[in-house]
>>> print(open('upload_24.cif').read())   # mmCIF, C-alpha atoms
data_work
#
loop_
_atom_site.label_atom_id
_atom_site.label_comp_id
_atom_site.auth_asym_id
_atom_site.auth_seq_id
_atom_site.Cartn_x
_atom_site.Cartn_y
_atom_site.Cartn_z
CA MET T 25 -21.85 19.06 -6.51
CA THR T 26 -21.74 21.89 -8.95
CA GLY T 27 -18.15 21.55 -10.03
CA TRP T 28 -18.91 22.33 -13.67
CA ARG T 29 -20.11 25.81 -12.79
CA ARG T 30 -17.30 27.51 -10.97
CA PHE T 31 -13.54 27.62 -11.15
CA SER T 32 -10.98 28.12 -8.44
CA SER T 33 -8.98 31.19 -7.71
CA ILE T 34 -5.74 29.64 -6.51
CA ARG T 35 -4.21 31.42 -3.55
CA PRO T 36 -1.14 33.48 -4.53
CA PHE T 37 2.21 32.13 -3.48
CA GLU T 38 3.39 33.56 -0.20
CA ALA T 39 7.00 33.57 0.93
CA ARG T 40 7.42 31.07 3.74
CA THR T 41 10.18 30.12 6.13
CA ALA T 42 12.11 27.17 4.72
CA ARG T 43 11.34 23.91 6.44
CA THR T 44 12.55 20.37 5.93
CA LEU T 45 9.76 18.01 4.93
CA CYS T 46 9.65 14.26 5.24
CA THR T 47 7.81 11.40 3.61
CA ALA T 48 4.86 9.92 5.46
CA VAL T 49 5.26 6.53 7.06
CA ALA T 50 2.30 4.39 6.12
CA GLY T 51 1.16 0.83 5.59
CA ALA T 52 2.30 -1.78 8.10
CA SER T 53 4.94 0.56 9.48
CA LEU T 54 2.18 2.73 10.94
CA LEU T 55 1.64 0.12 13.61
CA VAL T 56 5.14 0.43 15.03
CA GLY T 57 5.46 2.46 18.24
CA CYS T 58 7.17 5.83 18.22
CA GLY T 59 9.79 4.92 20.82
CA VAL T 60 7.80 6.61 23.59
CA LEU T 61 6.00 4.96 26.47
CA PRO T 62 2.32 4.35 25.56
CA GLY T 63 -0.01 7.03 26.81
CA THR T 64 2.64 9.71 27.08
CA SER T 65 3.18 12.69 24.81
CA GLY T 66 6.95 12.18 24.61
CA GLY T 67 7.85 15.59 26.03
CA SER T 68 6.50 19.10 26.22
CA LYS T 69 4.94 19.26 22.78
CA ASP T 70 1.42 20.69 22.70
CA PRO T 71 -1.60 18.49 21.93
CA VAL T 72 -3.03 18.74 18.43
CA THR T 73 -6.77 19.38 18.17
CA VAL T 74 -8.62 18.45 14.97
CA MET T 75 -12.26 17.86 14.06
CA THR T 76 -14.08 15.20 12.04
CA TRP T 77 -17.73 15.62 11.10
CA ALA T 78 -20.34 13.59 9.25
CA PRO T 79 -24.14 13.25 9.22
CA VAL T 80 -25.53 10.77 11.74
CA GLY T 81 -29.20 9.82 12.13
CA SER T 82 -30.43 12.03 9.29
CA ASN T 83 -33.12 11.19 6.74
CA ALA T 84 -30.61 10.92 3.89
CA THR T 85 -26.96 9.81 3.73
CA ASN T 86 -25.37 8.93 7.08
CA LEU T 87 -21.70 8.15 7.68
CA PRO T 88 -21.21 7.45 11.41
CA GLY T 89 -18.12 5.39 10.62
CA MET T 90 -16.11 8.51 9.81
CA PRO T 91 -16.14 10.13 13.28
CA ALA T 92 -15.92 6.67 14.84
CA MET T 93 -12.78 5.90 12.80
CA ALA T 94 -11.30 9.25 13.81
CA LYS T 95 -11.80 8.43 17.51
CA ALA T 96 -10.25 4.98 17.08
CA TYR T 97 -7.29 6.51 15.24
CA ALA T 98 -6.72 8.97 18.10
CA ARG T 99 -6.83 6.18 20.70
CA TRP T 100 -4.25 4.21 18.72
CA ALA T 101 -2.01 7.20 18.05
CA ASN T 102 -2.01 8.33 21.68
CA ALA T 103 -1.38 4.82 22.96
CA SER T 104 1.67 4.76 20.68
CA GLY T 105 3.11 8.01 22.01
CA GLY T 106 1.10 10.45 19.94
CA ILE T 107 2.04 11.81 16.52
CA ASN T 108 5.63 12.98 16.59
CA GLY T 109 5.24 13.48 20.33
CA HIS T 110 1.92 15.35 20.11
CA ASP T 111 -1.19 13.91 21.72
CA LEU T 112 -4.05 13.87 19.21
CA ARG T 113 -7.33 15.37 20.38
CA VAL T 114 -10.21 14.56 18.01
CA LEU T 115 -13.46 16.50 18.18
CA THR T 116 -16.46 15.03 16.35
CA CYS T 117 -19.60 16.77 15.15
CA ASN T 118 -22.93 15.58 13.75
CA GLU T 119 -23.38 17.60 10.58
CA ARG T 120 -27.03 16.34 10.38
CA ASN T 121 -27.00 16.52 6.57
CA SER T 122 -28.12 20.14 6.76
CA SER T 123 -26.61 23.48 5.83
CA ALA T 124 -27.15 24.78 9.36
CA GLY T 125 -25.50 21.67 10.81
CA ALA T 126 -22.49 22.02 8.53
CA ALA T 127 -22.05 25.68 9.46
CA ASP T 128 -22.42 24.87 13.16
CA CYS T 129 -19.73 22.20 12.97
CA ALA T 130 -17.35 24.57 11.18
CA ARG T 131 -17.93 27.34 13.70
CA ARG T 132 -17.31 24.88 16.54
CA ALA T 133 -14.02 23.85 14.92
CA VAL T 134 -13.00 27.52 14.93
CA LYS T 135 -14.13 28.03 18.53
CA GLU T 136 -12.31 24.93 19.76
CA LYS T 137 -9.14 26.05 17.96
CA ALA T 138 -8.89 23.01 15.71
CA VAL T 139 -5.81 23.13 13.50
CA ALA T 140 -7.55 21.14 10.73
CA VAL T 141 -10.79 19.41 9.81
CA VAL T 142 -9.85 15.87 8.80
CA GLY T 143 -11.62 12.99 7.04
CA SER T 144 -15.12 14.51 7.03
CA TYR T 145 -18.33 14.40 4.97
CA SER T 146 -20.81 17.14 4.14
CA GLN T 147 -22.85 18.08 1.08
CA HIS T 148 -22.88 21.73 2.19
CA GLY T 149 -19.53 23.05 1.04
CA ARG T 150 -20.33 26.74 1.01
CA GLU T 151 -21.65 26.64 4.55
CA PHE T 152 -18.63 24.88 6.06
CA MET T 153 -15.80 26.29 3.94
CA ALA T 154 -16.60 29.95 4.59
CA PRO T 155 -15.96 29.76 8.38
CA LEU T 156 -12.89 27.56 7.83
CA GLU T 157 -11.41 29.94 5.26
CA ALA T 158 -12.08 32.93 7.53
CA ALA T 159 -10.08 31.18 10.27
CA SER T 160 -7.47 29.75 7.84
CA ILE T 161 -8.24 26.18 8.94
CA PRO T 162 -7.39 23.54 6.30
CA TYR T 163 -9.88 20.87 5.22
CA LEU T 164 -7.83 17.70 4.80
CA GLY T 165 -9.20 14.55 3.18
CA GLY T 166 -12.88 15.37 2.81
CA TYR T 167 -15.17 12.74 1.30
CA GLY T 168 -15.28 14.67 -1.98
CA ILE T 169 -18.96 15.44 -2.48
CA THR T 170 -18.87 19.23 -2.96
CA GLU T 171 -17.29 21.61 -5.44
CA GLU T 172 -15.65 23.60 -2.63
CA GLU T 173 -13.50 20.58 -1.78
CA PHE T 174 -11.96 20.87 -5.24
CA ASN T 175 -11.88 24.66 -5.48
CA SER T 176 -10.94 26.07 -2.09
CA TYR T 177 -7.26 26.88 -1.57
CA LEU T 178 -7.61 25.38 1.94
CA SER T 179 -8.92 22.01 0.78
CA TYR T 180 -6.56 19.06 0.36
CA PRO T 181 -8.52 16.10 -1.06
CA VAL T 182 -7.17 12.54 -0.88
CA ASN T 183 -9.43 11.19 -3.64
CA GLY T 184 -11.10 12.57 -6.75
CA GLY T 185 -14.48 12.79 -5.06
CA GLN T 186 -17.85 11.99 -6.50
CA ALA T 187 -16.68 13.38 -9.84
CA THR T 188 -14.12 10.63 -10.42
CA LEU T 189 -16.49 7.93 -9.14
CA LEU T 190 -19.17 8.93 -11.64
CA ALA T 191 -16.78 9.43 -14.55
CA GLY T 192 -15.18 6.11 -13.65
CA ASN T 193 -18.56 4.42 -13.42
CA GLY T 194 -19.27 5.65 -16.94
CA ARG T 195 -15.96 4.20 -18.12
CA GLN T 196 -16.73 0.89 -16.43
CA LEU T 197 -20.27 0.65 -17.81
CA ALA T 198 -19.14 1.59 -21.30
CA ARG T 199 -17.10 -1.63 -21.28
CA ASN T 200 -20.08 -3.76 -20.36
CA CYS T 201 -23.43 -2.14 -21.17
CA ASP T 202 -25.13 -1.30 -24.47
CA ARG T 203 -27.30 1.34 -22.81
CA THR T 204 -27.40 2.89 -19.35
CA ALA T 205 -30.18 4.36 -17.24
CA MET T 206 -29.04 6.49 -14.31
CA VAL T 207 -31.12 7.04 -11.17
CA ARG T 208 -29.90 9.99 -9.13
CA PRO T 209 -31.23 12.43 -6.51
CA ASP T 210 -33.40 15.31 -7.67
CA THR T 211 -31.16 17.87 -5.96
CA ILE T 212 -28.71 20.58 -6.95
CA THR T 213 -25.85 18.19 -6.15
CA GLY T 214 -27.49 15.44 -8.20
CA ASP T 215 -27.92 17.71 -11.21
CA ASP T 216 -24.22 17.33 -12.03
CA PHE T 217 -24.22 13.52 -11.91
CA PRO T 218 -25.41 12.84 -15.49
CA ASP T 219 -22.71 14.99 -17.11
CA LEU T 220 -20.02 13.26 -15.09
CA LEU T 221 -21.30 9.77 -15.88
CA ASP T 222 -21.74 10.68 -19.55
CA SER T 223 -18.10 11.82 -19.79
CA GLY T 224 -17.02 8.27 -18.99
CA LEU T 225 -19.59 6.71 -21.29
CA ALA T 226 -18.50 8.97 -24.14
CA GLN T 227 -14.88 7.93 -23.76
CA GLY T 228 -16.05 4.34 -24.17
CA ARG T 229 -17.97 5.32 -27.31
CA ARG T 230 -21.39 4.97 -25.69
CA GLY T 231 -24.28 7.38 -25.81
CA PRO T 232 -25.41 9.40 -22.79
CA ALA T 233 -27.31 7.71 -19.99
CA VAL T 234 -31.04 8.20 -19.56
CA ASP T 235 -31.33 10.64 -16.65
CA ILE T 236 -33.94 9.55 -14.10
CA ARG T 237 -34.50 11.84 -11.13
CA ALA T 238 -35.70 10.49 -7.81
CA ALA T 239 -36.49 11.84 -4.35
CA GLU T 240 -33.49 11.61 -2.04
CA ASP T 241 -35.56 10.46 0.94
CA ALA T 242 -38.30 8.25 -0.59
CA SER T 243 -39.39 5.03 1.12
CA ASP T 244 -40.40 3.30 -2.14
CA TYR T 245 -39.03 3.57 -5.67
CA THR T 246 -41.24 1.16 -7.59
CA ARG T 247 -42.24 3.63 -10.31
CA THR T 248 -38.67 4.89 -10.65
CA ALA T 249 -37.34 1.32 -10.83
CA THR T 250 -39.89 0.40 -13.50
CA ARG T 251 -38.89 3.35 -15.65
CA ALA T 252 -35.18 2.66 -15.19
CA ARG T 253 -35.54 -0.96 -16.31
CA GLU T 254 -37.62 0.05 -19.31
CA GLN T 255 -35.03 2.61 -20.40
CA ALA T 256 -32.03 0.31 -19.91
CA ARG T 257 -33.49 -2.37 -22.18
CA SER T 258 -32.01 -5.83 -22.63
CA GLY T 259 -28.22 -5.79 -22.60
CA GLY T 260 -28.17 -2.53 -20.71
CA CYS T 261 -27.42 -1.46 -17.15
CA VAL T 262 -29.20 0.45 -14.40
CA THR T 263 -26.90 2.48 -12.17
CA ALA T 264 -28.22 4.24 -9.07
CA VAL T 265 -26.46 6.85 -6.93
CA LEU T 266 -28.84 7.81 -4.12
CA GLY T 267 -26.65 7.61 -1.04
CA ASP T 268 -28.33 5.64 1.75
CA ARG T 269 -31.50 5.39 -0.34
CA THR T 270 -29.68 3.34 -3.00
CA GLU T 271 -30.53 0.24 -0.97
CA THR T 272 -34.19 1.28 -0.91
CA PHE T 273 -34.16 1.78 -4.69
CA PHE T 274 -32.68 -1.63 -5.41
CA ASP T 275 -35.11 -3.24 -2.96
CA SER T 276 -37.92 -1.80 -5.10
CA TYR T 277 -36.07 -2.85 -8.27
CA ARG T 278 -35.68 -6.50 -7.26
CA ARG T 279 -39.41 -6.73 -6.45
CA LEU T 280 -40.39 -5.91 -10.03
CA PRO T 281 -41.90 -8.89 -11.89
CA ASP T 282 -39.30 -10.72 -13.98
CA ASP T 283 -39.64 -9.75 -17.64
CA GLY T 284 -36.85 -11.98 -18.96
CA ARG T 285 -34.52 -9.18 -19.97
CA ASP T 286 -30.79 -9.33 -19.19
CA ILE T 287 -30.07 -6.08 -17.31
CA ARG T 288 -27.12 -5.59 -14.96
CA VAL T 289 -27.15 -3.22 -12.00
CA SER T 290 -24.43 -0.84 -10.92
CA SER T 291 -23.45 1.91 -8.52
CA VAL T 292 -20.44 3.50 -6.87
CA LEU T 293 -18.86 2.42 -3.61
CA GLY T 294 -20.47 4.15 -0.67
CA ASN T 295 -23.91 3.56 -2.17
CA ILE T 296 -23.44 -0.21 -2.39
CA GLY T 297 -20.83 -2.08 -0.36
CA GLN T 298 -19.99 -5.53 0.92
CA ALA T 299 -22.25 -5.13 3.97
CA LEU T 300 -25.27 -4.45 1.74
CA VAL T 301 -24.39 -7.37 -0.54
CA ASN T 302 -24.25 -9.61 2.54
CA ARG T 303 -27.57 -8.35 3.93
CA THR T 304 -29.40 -8.97 0.67
CA GLY T 305 -28.40 -12.57 0.13
CA GLY T 306 -24.81 -12.54 -1.07
CA ARG T 307 -24.32 -14.71 -4.15
CA SER T 308 -28.06 -15.39 -4.39
CA GLY T 309 -29.01 -11.74 -3.91
CA PRO T 310 -29.83 -8.94 -6.35
CA PHE T 311 -26.27 -7.60 -6.51
CA GLU T 312 -24.58 -10.71 -7.85
CA GLY T 313 -22.79 -9.54 -11.01
CA ALA T 314 -23.19 -5.83 -10.13
CA TYR T 315 -20.57 -3.38 -11.38
CA LEU T 316 -19.16 -0.96 -8.79
CA THR T 317 -16.65 1.86 -9.05
CA GLY T 318 -14.54 2.85 -6.04
CA TRP T 319 -11.60 5.06 -5.13
CA TYR T 320 -9.54 2.48 -3.35
CA PRO T 321 -8.55 -1.20 -3.61
CA VAL T 322 -11.12 -3.85 -2.66
CA ALA T 323 -11.62 -4.25 1.07
CA SER T 324 -9.87 -7.63 1.06
CA ASP T 325 -6.63 -6.07 -0.22
CA PRO T 326 -3.72 -6.57 2.23
CA ALA T 327 -3.04 -2.83 2.14
CA TRP T 328 -6.01 -2.37 4.48
CA GLN T 329 -4.54 -4.58 7.23
CA PRO T 330 -3.05 -1.71 9.29
CA MET T 331 -6.45 0.00 9.40
CA ARG T 332 -8.19 -3.26 10.31
CA LYS T 333 -5.74 -3.86 13.14
CA VAL T 334 -6.42 -0.41 14.59
CA ILE T 335 -10.18 -1.00 14.33
CA ASP T 336 -9.94 -4.41 15.98
CA THR T 337 -7.80 -3.10 18.83
CA TYR T 338 -9.06 0.42 19.46
CA ALA T 339 -12.67 0.62 18.24
CA PHE T 340 -13.92 -1.40 21.22
CA GLY T 341 -16.62 -3.18 19.21
CA ASP T 342 -17.99 0.08 17.80
CA ASN T 343 -20.70 -1.06 15.38
CA ASP T 344 -20.55 2.28 13.55
CA ILE T 345 -17.24 1.33 11.97
CA ASP T 346 -17.35 -0.77 8.80
CA ALA T 347 -13.89 -1.40 7.39
CA THR T 348 -15.37 -1.89 3.90
CA ASP T 349 -17.10 1.51 3.87
CA PRO T 350 -15.34 4.19 1.76
CA GLY T 351 -16.21 6.84 4.35
CA THR T 352 -14.30 4.94 7.03
CA GLN T 353 -11.50 4.28 4.55
CA THR T 354 -11.29 7.96 3.55
CA THR T 355 -11.00 8.99 7.19
CA TRP T 356 -8.16 6.52 7.70
CA ILE T 357 -6.30 7.89 4.68
CA ALA T 358 -6.94 11.49 5.76
CA TYR T 359 -5.45 10.82 9.20
CA THR T 360 -2.52 9.07 7.51
CA ALA T 361 -1.96 12.36 5.69
CA LEU T 362 -2.28 14.32 8.92
CA ARG T 363 0.33 12.07 10.51
CA ALA T 364 2.72 12.80 7.64
CA VAL T 365 2.19 16.55 7.94
CA ILE T 366 2.69 16.68 11.71
CA GLY T 367 5.75 14.47 11.35
CA ALA T 368 7.21 16.96 8.91
CA ILE T 369 6.76 19.91 11.28
CA ASP T 370 9.67 19.90 13.70
CA ASP T 371 8.03 22.18 16.23
CA GLY T 372 6.43 21.91 19.64
CA GLU T 373 3.35 23.79 18.48
CA ILE T 374 1.18 22.81 15.50
CA THR T 375 -0.95 25.58 13.96
CA PRO T 376 -3.29 25.76 10.96
CA GLY T 377 -0.73 27.93 9.16
CA LYS T 378 2.07 25.42 9.70
CA ILE T 379 -0.13 22.61 8.37
CA THR T 380 -1.12 24.49 5.21
CA ASP T 381 2.47 25.65 4.70
CA THR T 382 3.72 22.06 4.92
CA LEU T 383 1.06 20.79 2.55
CA ASP T 384 1.63 23.57 0.02
CA ARG T 385 5.39 23.04 0.08
CA GLY T 386 4.99 19.44 -1.04
CA VAL T 387 4.96 16.95 1.84
CA LYS T 388 4.55 13.46 0.38
CA VAL T 389 2.00 11.05 1.82
CA ASP T 390 2.61 7.35 1.26
CA THR T 391 -0.66 5.53 1.96
CA GLY T 392 0.80 2.06 1.60
CA GLY T 393 -0.77 1.39 -1.79
CA LEU T 394 -4.29 2.61 -0.96
CA THR T 395 -3.76 5.60 -3.26
CA PRO T 396 -0.89 6.89 -5.36
CA THR T 397 1.56 8.99 -3.36
CA LEU T 398 -0.32 12.16 -2.43
CA ARG T 399 1.13 15.64 -2.80
CA TRP T 400 -0.62 19.02 -3.06
CA ARG T 401 1.83 21.37 -4.75
CA TYR T 402 0.39 23.46 -7.56
CA GLU T 403 2.30 21.38 -10.11
CA ASP T 404 0.73 18.17 -8.71
CA MET T 405 -2.73 19.36 -9.71
CA PRO T 406 -3.49 18.46 -13.34
CA GLY T 407 -5.94 21.34 -13.70
CA VAL T 408 -9.16 19.43 -14.31
CA PRO T 409 -11.76 22.04 -15.33
CA GLY T 410 -14.08 22.69 -12.41
CA PHE T 411 -11.98 20.50 -10.08
CA PRO T 412 -8.56 22.17 -9.92
CA ARG T 413 -7.61 20.75 -6.49
CA ILE T 414 -7.75 17.11 -7.60
CA VAL T 415 -4.37 15.42 -7.11
CA ASN T 416 -5.65 11.83 -7.27
CA GLY T 417 -7.81 10.94 -10.28
CA ASP T 418 -7.58 7.17 -9.78
CA VAL T 419 -10.54 4.81 -9.38
CA THR T 420 -10.95 1.04 -9.20
CA PHE T 421 -13.37 -1.20 -11.10
CA GLN T 422 -15.03 -3.84 -8.95
CA VAL T 423 -17.69 -6.50 -9.47
CA VAL T 424 -19.72 -8.79 -7.20
CA ARG T 425 -18.76 -12.41 -7.82
CA GLU T 426 -19.91 -15.29 -5.62
CA GLY T 427 -21.27 -12.71 -3.20
CA ARG T 428 -17.93 -10.93 -2.75
CA LEU T 429 -16.64 -7.62 -4.06
CA VAL T 430 -13.56 -8.36 -6.14
CA ALA T 431 -11.48 -6.42 -8.64
CA GLU T 432 -12.94 -6.46 -12.14
CA LYS T 433 -9.78 -4.80 -13.43
CA LYS T 434 -6.45 -5.04 -11.64
CA GLY T 435 -4.96 -1.85 -10.26
CA PHE T 436 -6.10 1.75 -10.64
CA VAL T 437 -7.71 3.52 -13.59
CA ASP T 438 -6.89 7.22 -14.01
CA VAL T 439 -10.01 9.15 -15.02
CA GLY T 440 -8.55 12.62 -14.59
CA HIS T 441 -8.28 13.05 -18.36
CA THR T 442 -11.88 11.80 -18.70
CA LEU T 443 -13.04 14.74 -16.60
CA SER T 444 -11.01 17.06 -18.79
#
>>> encode(input="upload_24.cif", output="structure tokens")
Amino acid sequence: MTGWRRFSSIRPFEARTARTLCTAVAGASLLVGCGVLPGTSGGSKDPVTVMTWAPVGSNATNLPGMPAMAKAYARWANASGGINGHDLRVLTCNERNSSAGAADCARRAVKEKAVAVVGSYSQHGREFMAPLEAASIPYLGGYGITEEEFNSYLSYPVNGGQATLLAGNGRQLARNCDRTAMVRPDTITGDDFPDLLDSGLAQGRRGPAVDIRAAEDASDYTRTATRAREQARSGGCVTAVLGDRTETFFDSYRRLPDDGRDIRVSSVLGNIGQALVNRTGGRSGPFEGAYLTGWYPVASDPAWQPMRKVIDTYAFGDNDIDATDPGTQTTWIAYTALRAVIGAIDDGEITPGKITDTLDRGVKVDTGGLTPTLRWRYEDMPGVPGFPRIVNGDVTFQVVREGRLVAEKKGFVDVGHTLS
């Protein structure tokens, strides 16, 4: 992410045909049928084709749960009569964690006449946004890892991206740590991480973190872990944000000889989650007491029950889907937004232009408490420097207690002003 380097040129307002918009139906009400026989489209309305992509089987970060969640959502929606009478056709694409893969997926979305790309992950914003912008295809609910997701006039983020996670992590650690050492990937994207973390630390009257670069695809991090622990010192914290390799780093960290110092570990959700805590010993493992920053409520929150029901019923035992993973959760929220948009378009044909028009005019998306109400009008964007498309600057503070991720602080914490 290079969000500190470039600002957005917001698309000029264009006169549009007036259209009545409606509020999204979310939460438990999502699981109620649409009054149409299951499996039917409810009339002559055209199917809606969208795409979801994410890297799968790459040497770095992989998020197979995102396309898997999209497929499960489509099965549920179509079994319930579609979305406002439209059958939902979901295309998925393996972005392969490469610039060529991201561009290929975007070009395929154009070729297949997708009306939106929904709930997707890619680190290669320039490569995928250029083809989408050329075809006027909106990017709805991306994971939030690239600057383009918060600069492009065709991007509609549902969270504050990596920027809010890191700023929030700084805020959280400032409450608990005398000194922080940060381990992050030695990449262009990773180069922005220290500034973001430091913005949160500074607001908590703490000094900047010690910046420790690491290879994104290493198989051992013993030397990096040793340096991080030395720099954190007693009473400090080590936070690591290495994607899928975060687990590898902390495996190296826990193998270091005990030196008697009291150092807590930390990360952001998506790098450490409940599944990893379980695999590494739960309450007796290395993550007991770890501080974690996320976008959404803890996975045990009742607000996630509608998503869990869809997974249980329509994922057919798909092991790629982890209901506690923020990638899966982001895809669910992105499709919730898509449902609201399509529901607000009283037309037999859904086009990219109609979707962007509806979003720009202020359709409200109620996510059932998983986020604040989402809306993408110009006035809903607080104008965070470098991230002008952010409409949701909230994060959650979590901690591992008794082997379970629980809320360290109740409710959401707005870090939008921290980024400013």
>>> closest_atom_pairs(input="upload_24.cif", of="stretch 322-392 of chain T", to="stretch 104-114 of chain T", cutoff="7 Å", atoms="all atoms listed in the file", output="JSON lines")
{"residue": "T:Arg363", "atom": "CA", "partner": "T:Ile107", "partner_atom": "CA", "distance": 6.3}
{"residue": "T:Ile366", "atom": "CA", "partner": "T:Asn108", "partner_atom": "CA", "distance": 6.8}
{"residue": "T:Gly367", "atom": "CA", "partner": "T:Asn108", "partner_atom": "CA", "distance": 5.4}
>>> atom_distance(input="upload_24.cif", atom1="atom CA of T:Thr337", atom2="atom CA of T:Tyr97")
10.3 Å
>>> closest_residue(input="upload_24.cif", among="T:Pro79, T:Arg428, T:Asp346, T:Ala98", to="T:Asn118", atoms="only C-alpha atoms")
T:Pro79
>>> atom_distance(input="upload_24.cif", atom1="atom CA of T:Gly125", atom2="atom CA of T:Leu383")
27.8 Å
>>> residues_around(input="upload_24.cif", residues="T:Thr380", least_positions_apart="4", cutoff="9 Å", atoms="all atoms listed in the file", output="PyMOL selection string")
chain T and resi 160-162+178+375-376+384-385
>>> residues_near_point(input="upload_24.cif", point="(-9.8, 15.3, 13.7)", cutoff="7 Å", atoms="all atoms listed in the file", output="number ranges by chain")
T: 73-76, 94, 114-115, 140-142
>>> write_last_selection(input="upload_24.cif", atoms="C-alpha atoms", output="PDB file, in the frame of the given file")
ATOM      1  CA  THR T  73      -6.770  19.380  18.170  1.00  0.00           C
ATOM      2  CA  VAL T  74      -8.620  18.450  14.970  1.00  0.00           C
ATOM      3  CA  MET T  75     -12.260  17.860  14.060  1.00  0.00           C
ATOM      4  CA  THR T  76     -14.080  15.200  12.040  1.00  0.00           C
ATOM      5  CA  ALA T  94     -11.300   9.250  13.810  1.00  0.00           C
ATOM      6  CA  VAL T 114     -10.210  14.560  18.010  1.00  0.00           C
ATOM      7  CA  LEU T 115     -13.460  16.500  18.180  1.00  0.00           C
ATOM      8  CA  ALA T 140      -7.550  21.140  10.730  1.00  0.00           C
ATOM      9  CA  VAL T 141     -10.790  19.410   9.810  1.00  0.00           C
ATOM     10  CA  VAL T 142      -9.850  15.870   8.800  1.00  0.00           C
TER      11      VAL T 142
END
>>> resolve_selection(input="upload_24.cif", expression="the PyMOL selection byres ((chain T and resi 145) around 9)", output="count of residues only")
16
>>> closest_residue(input="upload_24.cif", among="T:Val424, T:Leu429, T:Leu164, T:Ala239", to="T:Arg288", atoms="all atoms listed in the file")
T:Val424
>>> atom_distance(input="upload_24.cif", atom1="atom CA of T:Lys69", atom2="atom CA of T:Ile369")
11.7 Å
>>> resolve_selection(input="upload_24.cif", expression="the PyMOL selection byres ((chain T and resi 372) around 7)", output="list of chain:residue names")
T:Lys69, T:Asp70, T:Asp371, T:Glu373, T:Ile374
>>> build_atoms(input="upload_24.cif", residues="stretch 307-320 of chain T", atoms="N, CA and C atoms", output="PDB file, in the frame of the given file")
ATOM      1  N   ARG T 307     -24.379 -14.207  -2.780  1.00  0.00           N
ATOM      2  CA  ARG T 307     -24.320 -14.710  -4.150  1.00  0.00           C
ATOM      3  C   ARG T 307     -25.702 -14.983  -4.741  1.00  0.00           C
ATOM      4  N   SER T 308     -26.698 -15.165  -3.892  1.00  0.00           N
ATOM      5  CA  SER T 308     -28.060 -15.390  -4.390  1.00  0.00           C
ATOM      6  C   SER T 308     -28.903 -14.124  -4.351  1.00  0.00           C
ATOM      7  N   GLY T 309     -28.283 -12.988  -4.030  1.00  0.00           N
ATOM      8  CA  GLY T 309     -29.010 -11.740  -3.910  1.00  0.00           C
ATOM      9  C   GLY T 309     -29.035 -10.933  -5.191  1.00  0.00           C
ATOM     10  N   PRO T 310     -29.643  -9.751  -5.141  1.00  0.00           N
ATOM     11  CA  PRO T 310     -29.830  -8.940  -6.350  1.00  0.00           C
ATOM     12  C   PRO T 310     -28.552  -8.292  -6.867  1.00  0.00           C
ATOM     13  N   PHE T 311     -27.482  -8.284  -6.079  1.00  0.00           N
ATOM     14  CA  PHE T 311     -26.270  -7.600  -6.510  1.00  0.00           C
ATOM     15  C   PHE T 311     -25.217  -8.533  -7.101  1.00  0.00           C
ATOM     16  N   GLU T 312     -25.521  -9.816  -7.197  1.00  0.00           N
ATOM     17  CA  GLU T 312     -24.580 -10.710  -7.850  1.00  0.00           C
ATOM     18  C   GLU T 312     -24.366 -10.256  -9.299  1.00  0.00           C
ATOM     19  N   GLY T 313     -23.115 -10.033  -9.669  1.00  0.00           N
ATOM     20  CA  GLY T 313     -22.790  -9.540 -11.010  1.00  0.00           C
ATOM     21  C   GLY T 313     -22.805  -8.026 -11.135  1.00  0.00           C
ATOM     22  N   ALA T 314     -23.117  -7.295 -10.054  1.00  0.00           N
ATOM     23  CA  ALA T 314     -23.190  -5.830 -10.130  1.00  0.00           C
ATOM     24  C   ALA T 314     -21.817  -5.221 -10.356  1.00  0.00           C
ATOM     25  N   TYR T 315     -21.798  -4.124 -11.142  1.00  0.00           N
ATOM     26  CA  TYR T 315     -20.570  -3.380 -11.380  1.00  0.00           C
ATOM     27  C   TYR T 315     -20.486  -2.202 -10.412  1.00  0.00           C
ATOM     28  N   LEU T 316     -19.341  -2.036  -9.765  1.00  0.00           N
ATOM     29  CA  LEU T 316     -19.160  -0.960  -8.790  1.00  0.00           C
ATOM     30  C   LEU T 316     -17.839  -0.250  -9.051  1.00  0.00           C
ATOM     31  N   THR T 317     -17.853   1.060  -8.891  1.00  0.00           N
ATOM     32  CA  THR T 317     -16.650   1.860  -9.050  1.00  0.00           C
ATOM     33  C   THR T 317     -16.271   2.450  -7.696  1.00  0.00           C
ATOM     34  N   GLY T 318     -15.003   2.323  -7.323  1.00  0.00           N
ATOM     35  CA  GLY T 318     -14.540   2.850  -6.040  1.00  0.00           C
ATOM     36  C   GLY T 318     -13.296   3.695  -6.216  1.00  0.00           C
ATOM     37  N   TRP T 319     -12.848   4.309  -5.112  1.00  0.00           N
ATOM     38  CA  TRP T 319     -11.600   5.060  -5.130  1.00  0.00           C
ATOM     39  C   TRP T 319     -10.398   4.193  -4.805  1.00  0.00           C
ATOM     40  N   TYR T 320     -10.644   3.195  -3.975  1.00  0.00           N
ATOM     41  CA  TYR T 320      -9.540   2.480  -3.350  1.00  0.00           C
ATOM     42  C   TYR T 320      -9.581   1.002  -3.704  1.00  0.00           C
TER      43      TYR T 320
END
